[in-house]
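Right, one structure below, let's go through it.
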Amino acid sequence: MQDLIERHQQYTTDEVDDWETWKSDVFFKQNGFYMDRKLGATMNGKPMFQWLLDLWRVKQLCDTANHIAFIPAGFNKAKNDDLKDDKLLDTELASLNGINPVQHRLAGGSALMSLLHVLVIPKLEYKRVFNAVTLPGKDYDLADAIKCGEEALKKLKKGGVDEVGSLKFWLQQKGNLAVREADLSAEKGTVLPETAENHVMDIRHSFHVYGNNSVGYLHMHV
């Protein structure tokens with residue numbers, strides 16, 4: 001909590017304040033993609049998730065009163081071509097349909113690192129929140145966010161092998177896209193479930209706090 005307070009005290013940006021209070025629709029005037037050290041990934045001056053939602057480019061897994069959940073995406077041919085080892089075949093890459101793989105050896109810091117991993121974000125019409133560090137003082141519906149994320153995970157656990165990102169989808173992968181126990185955790189003793197039916201979910205909820213945010217739009221990892 002002390003770290004959060006200190007980060008909040010360091011947080012001073014008129015651009016974000018204006019965006020959160022709907023005085024501006026962008027952080028700044030900018031064409032194309034831009035990665036800002038403090039604001040995170042933006043497109044045309046908007047937080048990346050806002051830009052994607054505006055264009056209906058987010059595949060929603062769950063939709064509750066104030067939130068939506070989806071699988072983190074962005075793995076593409078260029079990122080695959082940069083790999084030295086374990087490069088995916090064209091068919092393997094296409095099977096991902098853009099979502100990030102679970103394997104750190106493939107996606108680095110963007111990897112899902114868990115067989116079931118979703119992001120939960122506030123709907124555009126509900127509330128604008130830059131980061132968890134700006135939540136103090138806001139009437140934020142955290143319970144709805146948690147509900148949205150957990151319903152999305154349950155959907156992925158029950159999904160068939162043809163549902164990209166489902167538990168069965170990952171367990172049936174072969175070749176370089178096959179999931180290894182070492183892909184999921186640095187901790188010793190990580191064991192892959194033999195089937196989706198005997199997999200037990202250990203659900204965690206977390207935020208990347210300001211200063212370490214990849215996108216300046218509140219998103220909860222579940």
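Numbering starts fresh at 1 for the residues of each chain in the structure tokens, the chains themselves are lettered A, B, ... in the order given, and ligands are numbered from 1 as they appear.
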
**OP:** List the neighbours of segment 77-91 of chain A out to 10 Å using only C-alpha atoms; skip same-chain residues closer than 2 positions along the sequence, and give me the result as a ChimeraX atom specification.
**Re:** /A:74-75,93-96,98,105-107,175-177

Take the residues from that selection and write them out as a short mmCIF file (atom, residue, chain, number, x, y, z; two decimals), in the first residue's frame, keeping N, CA and C atoms.
data_model
loop_
_atom_site.label_atom_id
_atom_site.label_comp_id
_atom_site.auth_asym_id
_atom_site.auth_seq_id
_atom_site.Cartn_x
_atom_site.Cartn_y
_atom_site.Cartn_z
N GLY A 74 -1.96 -9.56 -29.99
CA GLY A 74 -0.92 -8.74 -30.61
C GLY A 74 0.22 -9.52 -31.21
N PHE A 75 0.19 -10.87 -31.03
CA PHE A 75 1.27 -11.68 -31.60
C PHE A 75 1.03 -11.82 -33.10
N LEU A 93 0.89 -20.18 -36.51
CA LEU A 93 0.67 -18.76 -36.27
C LEU A 93 -0.78 -18.39 -36.57
N ALA A 94 -1.31 -18.89 -37.68
CA ALA A 94 -2.68 -18.58 -38.07
C ALA A 94 -3.68 -19.11 -37.05
N SER A 95 -3.35 -20.26 -36.44
CA SER A 95 -4.28 -20.87 -35.48
C SER A 95 -4.47 -20.01 -34.24
N LEU A 96 -3.50 -19.14 -33.94
CA LEU A 96 -3.61 -18.27 -32.76
C LEU A 96 -4.62 -17.15 -32.97
N GLY A 98 -4.14 -14.19 -33.65
CA GLY A 98 -3.67 -12.93 -33.09
C GLY A 98 -3.45 -12.90 -31.60
N ARG A 105 8.97 -18.28 -24.21
CA ARG A 105 9.98 -18.51 -25.25
C ARG A 105 9.50 -17.99 -26.61
N LEU A 106 8.20 -17.81 -26.77
CA LEU A 106 7.66 -17.30 -28.03
C LEU A 106 7.36 -15.80 -27.97
N ALA A 107 6.72 -15.37 -26.90
CA ALA A 107 6.22 -14.00 -26.84
C ALA A 107 6.93 -13.11 -25.84
N GLY A 175 4.00 -29.61 -31.84
CA GLY A 175 5.08 -28.87 -32.46
C GLY A 175 5.60 -27.74 -31.57
N ASN A 176 6.02 -26.64 -32.18
CA ASN A 176 6.57 -25.52 -31.43
C ASN A 176 5.53 -24.80 -30.59
N LEU A 177 4.25 -25.01 -30.92
CA LEU A 177 3.18 -24.36 -30.16
C LEU A 177 2.73 -25.20 -28.97
#

Original post:
Can you tell me, as a list in words, what residues are no more than 6 Å from Gly45 of chain A when counting only C-alpha atoms, ignoring any on the same chain fewer than 5 positions away?
Top reply: Val26, Phe27, Phe28, Lys29 and Gln30 of chain A

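Interatomic distance, atom CA of Ser214 of chain A to atom CA of Trp51 of chain A: 14.6 Å.
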
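Between Asn198 of chain A and the candidates A:Lys157, A:Val222, A:Val129, A:Val179, the tightest atom-to-atom separation, counting only C-alpha atoms, involves A:Lys157.
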
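Restricting the calculation to only C-alpha atoms, the smallest distance between Leu135 of chain A and any of A:Tyr217, A:Lys46, A:Asp25, A:Ile71 is found for A:Tyr217.
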
**OP:** Taking the DSSP assignment computed from this structure's backbone, write out as a ChimeraX atom specification all residues of segment 65-129 of chain A that belong to helix (DSSP H, G or I).
**Re:** /A:77-81,90-96,104-110

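For Val164 of chain A, the set of protein, DNA and RNA residues having any atom at most 10 Å away, when counting only C-alpha atoms and skipping those fewer than 3 positions along the same chain, is A:Ile71, A:Ser95, A:Leu96, A:Asn97, A:Gly98, A:Ile99, A:Leu156, A:Gly159, A:Gly160, A:Val161, A:Leu167, A:Lys168, A:Phe169, A:Trp170.
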
Include C-alpha atoms and write out the residues we just selected as a PDB file, in the first residue's frame.
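Below is the file result27.pdb, written as the result:
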ATOM      1  CA  ILE A  71      -7.559 -12.588 -24.189  1.00  0.00           C
ATOM      2  CA  SER A  95      -4.281 -20.872 -35.480  1.00  0.00           C
ATOM      3  CA  LEU A  96      -3.614 -18.274 -32.759  1.00  0.00           C
ATOM      4  CA  ASN A  97      -5.803 -15.728 -34.533  1.00  0.00           C
ATOM      5  CA  GLY A  98      -3.675 -12.931 -33.089  1.00  0.00           C
ATOM      6  CA  ILE A  99      -3.797 -13.823 -29.388  1.00  0.00           C
ATOM      7  CA  LEU A 156     -12.373 -20.754 -21.579  1.00  0.00           C
ATOM      8  CA  GLY A 159     -14.566 -24.235 -24.398  1.00  0.00           C
ATOM      9  CA  GLY A 160     -13.878 -26.765 -27.134  1.00  0.00           C
ATOM     10  CA  VAL A 161     -10.566 -27.424 -28.867  1.00  0.00           C
ATOM     11  CA  LEU A 167      -7.946 -24.784 -22.060  1.00  0.00           C
ATOM     12  CA  LYS A 168      -8.567 -27.620 -24.529  1.00  0.00           C
ATOM     13  CA  PHE A 169      -7.096 -25.509 -27.329  1.00  0.00           C
ATOM     14  CA  TRP A 170      -3.778 -25.191 -25.491  1.00  0.00           C
TER      15      TRP A 170
END

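Counting only C-alpha atoms and comparing A:Gln173, A:Ile68, A:Lys59, A:Lys155, the residue that lies closest to Pro101 of chain A is A:Gln173.
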
Sorted by chain and rising residue number, list the residues of segment 97-210 of chain A at most 10 Å from segment 37-42 of chain A (counting only C-alpha atoms), each with its closest atom pair and distance in Å to one decimal, as a Markdown table.
| residue | atom | partner | partner_atom | distance |
| --- | --- | --- | --- | --- |
| A:Phe130 | CA | A:Leu39 | CA | 8.5 |
| A:Asn131 | CA | A:Leu39 | CA | 9.5 |
| A:Tyr210 | CA | A:Lys38 | CA | 7.4 |

Dump of N, CA and C atoms for the selected residues, as an mmCIF file, in the first residue's frame:
data_model
loop_
_atom_site.group_PDB
_atom_site.id
_atom_site.type_symbol
_atom_site.label_atom_id
_atom_site.label_comp_id
_atom_site.auth_asym_id
_atom_site.auth_seq_id
_atom_site.Cartn_x
_atom_site.Cartn_y
_atom_site.Cartn_z
ATOM 1 N N PHE A 130 -7.228 5.650 -15.940
ATOM 2 C CA PHE A 130 -5.908 5.488 -16.547
ATOM 3 C C PHE A 130 -5.187 4.262 -16.001
ATOM 4 N N ASN A 131 -5.177 4.128 -14.693
ATOM 5 C CA ASN A 131 -4.385 3.080 -14.053
ATOM 6 C C ASN A 131 -4.888 2.901 -12.634
ATOM 7 N N TYR A 210 0.998 2.096 -12.217
ATOM 8 C CA TYR A 210 1.634 3.209 -12.926
ATOM 9 C C TYR A 210 3.145 3.239 -12.732
#

**OP:** Enumerate the residues of segment 62-197 of chain A with a DSSP assignment of strand (DSSP E), computed from the backbone, and present them as number ranges by chain.
**Re:** A: 62-63, 67-70, 119-122

Subject >> From A:Glu20, A:Glu151, A:Ala196, A:Ala69, residue lying nearest Gln172 of chain A [only C-alpha atoms] >> reply: A:Ala196

Original post:
Can you tell me how far atom CA of Ala65 of chain A sits from atom CA of Lys154 of chain A, in Å to one decimal?
Top reply: 17.8 Å
